[in-house]
Amino acid sequence: MLGRRFFLTASAGFLLADAPMRPMLLPGAESGAGRDALLVLPGGARCFCPPQRARVLADLPFRAGAVVAVRFACDTPQATQDLLALIGADGALLALERLSWQHGRASFVTRFAMLPDREHLSLERVAMFPGGGPGRPSRHESWTDYLRRDASGMSDAPVRPALAGTMQAALSAERTRLAAFTSRGAPNIPAPMLAALCSAPFEQN
């Protein structure tokens with residue numbers, strides 16, 4: 001008699017053999033960087049990402065092509081941090097954003113949604129820093145960033161220029177620096193991109 005393990009193994013094999021109907025995240029897959037989480041997309045394309053706290057958050061049907069939103073951990077020695085990877089139907093990384101960050105009482109949180117025009121993604125941000133003594137008062141910032149999805153990928157689409165010295169301006173500058181990585185369409189999360197998101201701008205506040 002065939003055991004339960006056989007049926008589970010066989011089922012997993014069939015799922016991998018045929019493209020899934022919805023994005024599927026498989027932990028512990030072998031990649032060039034080791035054991036990562038493997039995202040299998042409806043058309044059969046694949047993309048690797050770090051496995052810690054990895055989860056598919058949304059399947060966004062943009063006009064220019066579907067985008068899968070995946071969360072995963074990118075903690076630093078000082079803070080807990082989750083990133084948001086936006087991945088196209090072909091498995092290419094379109095954008096990598098900070099989703100949340102926590103260090104003691106300091107925090108940063110993002111809520112995202114595709115807009116009704118199916119061309120833009122809104123990123124509602126709230127950042128709070130309790131202050132650190134004389135000359136470093138507490139700070140509270142809230143704003144909304146926008147990304148535009150078109151045939152070439154996803155790009156920064158601000159409604160107005162960010163005010164100098166704000167966290168919004170710092171993240172906008174960071175997004176510009178990281179755009180070179182996403183323009184390559186790599187089917188994984190580049191290690192230098194992750195390293196850049198493990199430091200500034202939050203560690204400086």
# chains A, B, ... in the order shown; residues from 1 in each chain; ligands from 1
>>> closest_atom_pairs(of="segment 115-148 of chain A", to="segment 68-92 of chain A", cutoff="12 Å", atoms="only C-alpha atoms", output="Markdown table")
| residue | atom | partner | partner_atom | distance |
| --- | --- | --- | --- | --- |
| A:Leu121 | CA | A:Leu86 | CA | 10.4 |
| A:Leu123 | CA | A:Leu84 | CA | 10.7 |
| A:Leu147 | CA | A:Leu86 | CA | 10.7 |
| A:Arg148 | CA | A:Leu86 | CA | 11.9 |
>>> write_last_selection(atoms="C-alpha atoms", output="PDB file, in the first residue's frame")
ATOM      1  CA  LEU A 121       1.113  51.210  -7.216  1.00  0.00           C
ATOM      2  CA  LEU A 123       2.997  52.907  -1.145  1.00  0.00           C
ATOM      3  CA  LEU A 147       5.415  53.464  -8.786  1.00  0.00           C
ATOM      4  CA  ARG A 148       4.259  53.249 -12.426  1.00  0.00           C
TER       5      ARG A 148
END
>>> atom_distance(atom1="atom CA of Gln168 of chain A", atom2="atom CA of Cys49 of chain A")
25.9 Å
>>> closest_residue(among="A:Pro192, A:Pro61, A:Gly43, A:Gly104", to="Met24 of chain A", atoms="only C-alpha atoms")
A:Gly43
>>> closest_atom_pairs(of="segment 76-117 of chain A", to="segment 155-165 of chain A", cutoff="12 Å", atoms="only C-alpha atoms", output="JSON lines")
{"residue": "A:Leu86", "atom": "CA", "partner": "A:Ser155", "partner_atom": "CA", "distance": 11.4}
{"residue": "A:Leu94", "atom": "CA", "partner": "A:Ser155", "partner_atom": "CA", "distance": 8.5}
{"residue": "A:Ala95", "atom": "CA", "partner": "A:Ser155", "partner_atom": "CA", "distance": 8.0}
{"residue": "A:Leu96", "atom": "CA", "partner": "A:Ser155", "partner_atom": "CA", "distance": 11.0}
{"residue": "A:Glu97", "atom": "CA", "partner": "A:Asp156", "partner_atom": "CA", "distance": 11.2}
>>> select_by_dssp(residues="segment 7-195 of chain A", states="strand (DSSP E)", output="JSON, numbers by chain")
{"A": [24, 25, 26, 27, 28, 29, 30, 31, 34, 35, 36, 37, 38, 39, 40, 46, 47, 48, 49, 55, 56, 57, 58, 59, 60, 67, 68, 69, 70, 71, 72, 73, 80, 81, 82, 83, 84, 85, 86, 87, 88, 93, 94, 95, 96, 97, 98, 99, 100, 101, 102, 103, 106, 107, 108, 109, 110, 111, 112, 113, 114, 120, 121, 122, 123, 124, 125, 126, 127, 128, 129, 139, 140, 141, 142, 143, 144, 145, 146, 147, 148, 149, 150, 153, 154, 155, 156]}
>>> select_by_dssp(residues="chain A", states="alpha helix (DSSP H)", output="PyMOL selection string")
chain A and resi 4-17+167-182+191-196
>>> write_last_selection(atoms="N, CA and C atoms", output="CSV table (one decimal), in the first residue's frame")
chain,number,residue,atom,x,y,z
A,4,ARG,N,1.3,7.9,2.7
A,4,ARG,CA,0.9,9.3,2.6
A,4,ARG,C,2.1,10.1,2.1
A,5,ARG,N,3.3,9.8,2.5
A,5,ARG,CA,4.5,10.5,2.0
A,5,ARG,C,4.6,10.4,0.5
A,6,PHE,N,4.3,9.2,-0.1
A,6,PHE,CA,4.4,9.1,-1.5
A,6,PHE,C,3.4,10.0,-2.3
A,7,PHE,N,2.2,10.1,-1.8
A,7,PHE,CA,1.2,10.9,-2.4
A,7,PHE,C,1.6,12.4,-2.3
A,8,LEU,N,2.2,12.8,-1.2
A,8,LEU,CA,2.6,14.2,-1.0
A,8,LEU,C,3.7,14.5,-2.0
A,9,THR,N,4.7,13.6,-2.1
A,9,THR,CA,5.8,13.8,-3.0
A,9,THR,C,5.3,13.8,-4.5
A,10,ALA,N,4.4,12.9,-4.8
A,10,ALA,CA,3.9,12.9,-6.2
A,10,ALA,C,3.1,14.2,-6.5
A,11,SER,N,2.3,14.7,-5.5
A,11,SER,CA,1.6,15.9,-5.7
A,11,SER,C,2.5,17.1,-6.0
A,12,ALA,N,3.6,17.2,-5.2
A,12,ALA,CA,4.5,18.2,-5.3
A,12,ALA,C,5.2,18.2,-6.7
A,13,GLY,N,5.4,17.0,-7.2
A,13,GLY,CA,6.0,16.8,-8.5
A,13,GLY,C,5.1,17.3,-9.6
A,14,PHE,N,3.8,17.0,-9.5
A,14,PHE,CA,2.9,17.4,-10.5
A,14,PHE,C,2.8,18.9,-10.5
A,15,LEU,N,2.8,19.5,-9.3
A,15,LEU,CA,2.7,21.0,-9.2
A,15,LEU,C,3.9,21.7,-9.9
A,16,LEU,N,5.1,21.1,-9.8
A,16,LEU,CA,6.2,21.7,-10.4
A,16,LEU,C,6.3,21.4,-11.9
A,17,ALA,N,5.7,20.2,-12.3
A,17,ALA,CA,5.7,19.9,-13.7
A,17,ALA,C,4.8,20.8,-14.5
A,167,MET,N,12.6,61.7,5.0
A,167,MET,CA,12.8,60.3,4.8
A,167,MET,C,12.3,59.9,3.4
A,168,GLN,N,11.2,60.6,2.9
A,168,GLN,CA,10.8,60.3,1.5
A,168,GLN,C,11.9,60.6,0.5
A,169,ALA,N,12.6,61.8,0.7
A,169,ALA,CA,13.7,62.1,-0.2
A,169,ALA,C,14.8,61.1,-0.1
A,170,ALA,N,15.1,60.6,1.1
A,170,ALA,CA,16.1,59.6,1.2
A,170,ALA,C,15.8,58.3,0.5
A,171,LEU,N,14.5,57.9,0.6
A,171,LEU,CA,14.1,56.6,0.0
A,171,LEU,C,14.0,56.8,-1.5
A,172,SER,N,13.6,58.0,-2.0
A,172,SER,CA,13.6,58.3,-3.4
A,172,SER,C,15.0,58.2,-4.0
A,173,ALA,N,16.0,58.8,-3.3
A,173,ALA,CA,17.4,58.7,-3.8
A,173,ALA,C,17.8,57.2,-3.8
A,174,GLU,N,17.5,56.5,-2.8
A,174,GLU,CA,17.8,55.1,-2.7
A,174,GLU,C,17.2,54.3,-3.9
A,175,ARG,N,16.0,54.6,-4.2
A,175,ARG,CA,15.3,53.9,-5.3
A,175,ARG,C,16.0,54.2,-6.6
A,176,THR,N,16.5,55.4,-6.8
A,176,THR,CA,17.2,55.8,-8.0
A,176,THR,C,18.5,55.0,-8.1
A,177,ARG,N,19.2,54.9,-7.0
A,177,ARG,CA,20.5,54.1,-7.0
A,177,ARG,C,20.3,52.6,-7.3
A,178,LEU,N,19.2,52.1,-6.8
A,178,LEU,CA,18.9,50.7,-7.0
A,178,LEU,C,18.3,50.3,-8.3
A,179,ALA,N,17.9,51.3,-9.1
A,179,ALA,CA,17.2,51.1,-10.4
A,179,ALA,C,18.1,50.3,-11.4
A,180,ALA,N,19.4,50.5,-11.3
A,180,ALA,CA,20.3,49.8,-12.2
A,180,ALA,C,20.1,48.2,-12.0
A,181,PHE,N,19.9,47.8,-10.8
A,181,PHE,CA,19.8,46.3,-10.6
A,181,PHE,C,18.5,45.8,-11.2
A,182,THR,N,17.4,46.5,-11.0
A,182,THR,CA,16.1,46.0,-11.6
A,182,THR,C,16.0,46.1,-13.1
A,191,ALA,N,22.6,40.1,-4.6
A,191,ALA,CA,23.2,40.3,-3.3
A,191,ALA,C,23.6,41.8,-3.0
A,192,PRO,N,24.2,42.5,-4.0
A,192,PRO,CA,24.5,43.9,-3.7
A,192,PRO,C,23.3,44.8,-3.4
A,193,MET,N,22.2,44.4,-4.0
A,193,MET,CA,21.0,45.2,-3.7
A,193,MET,C,20.5,45.0,-2.3
A,194,LEU,N,20.6,43.7,-1.8
A,194,LEU,CA,20.2,43.4,-0.4
A,194,LEU,C,21.2,44.1,0.5
A,195,ALA,N,22.5,44.1,0.2
A,195,ALA,CA,23.4,44.8,1.1
A,195,ALA,C,23.2,46.2,1.2
A,196,ALA,N,22.8,46.9,0.1
A,196,ALA,CA,22.5,48.3,0.1
A,196,ALA,C,21.3,48.6,1.0
>>> atom_distance(atom1="atom CA of Pro51 of chain A", atom2="atom CA of Phe202 of chain A")
23.0 Å
>>> residues_around(residues="Ser152 of chain A", least_positions_apart="2", cutoff="9 Å", atoms="only C-alpha atoms", output="PyMOL selection string")
chain A and resi 64+149-150+154-155+183
>>> atom_distance(atom1="atom CA of Trp143 of chain A", atom2="atom CA of Ser107 of chain A")
14.4 Å
>>> closest_residue(among="A:Leu93, A:Leu99, A:Leu41, A:Leu60", to="Leu115 of chain A", atoms="only C-alpha atoms")
A:Leu60
>>> residues_around(residues="Arg125 of chain A", least_positions_apart="2", cutoff="9 Å", atoms="only C-alpha atoms", output="list in words")
Leu99, Phe108, Val109, Thr110, Arg111, Phe112, Leu123, Ala127, Glu141, Ser142, Trp143, Thr144, Asp145 and Gln168 of chain A
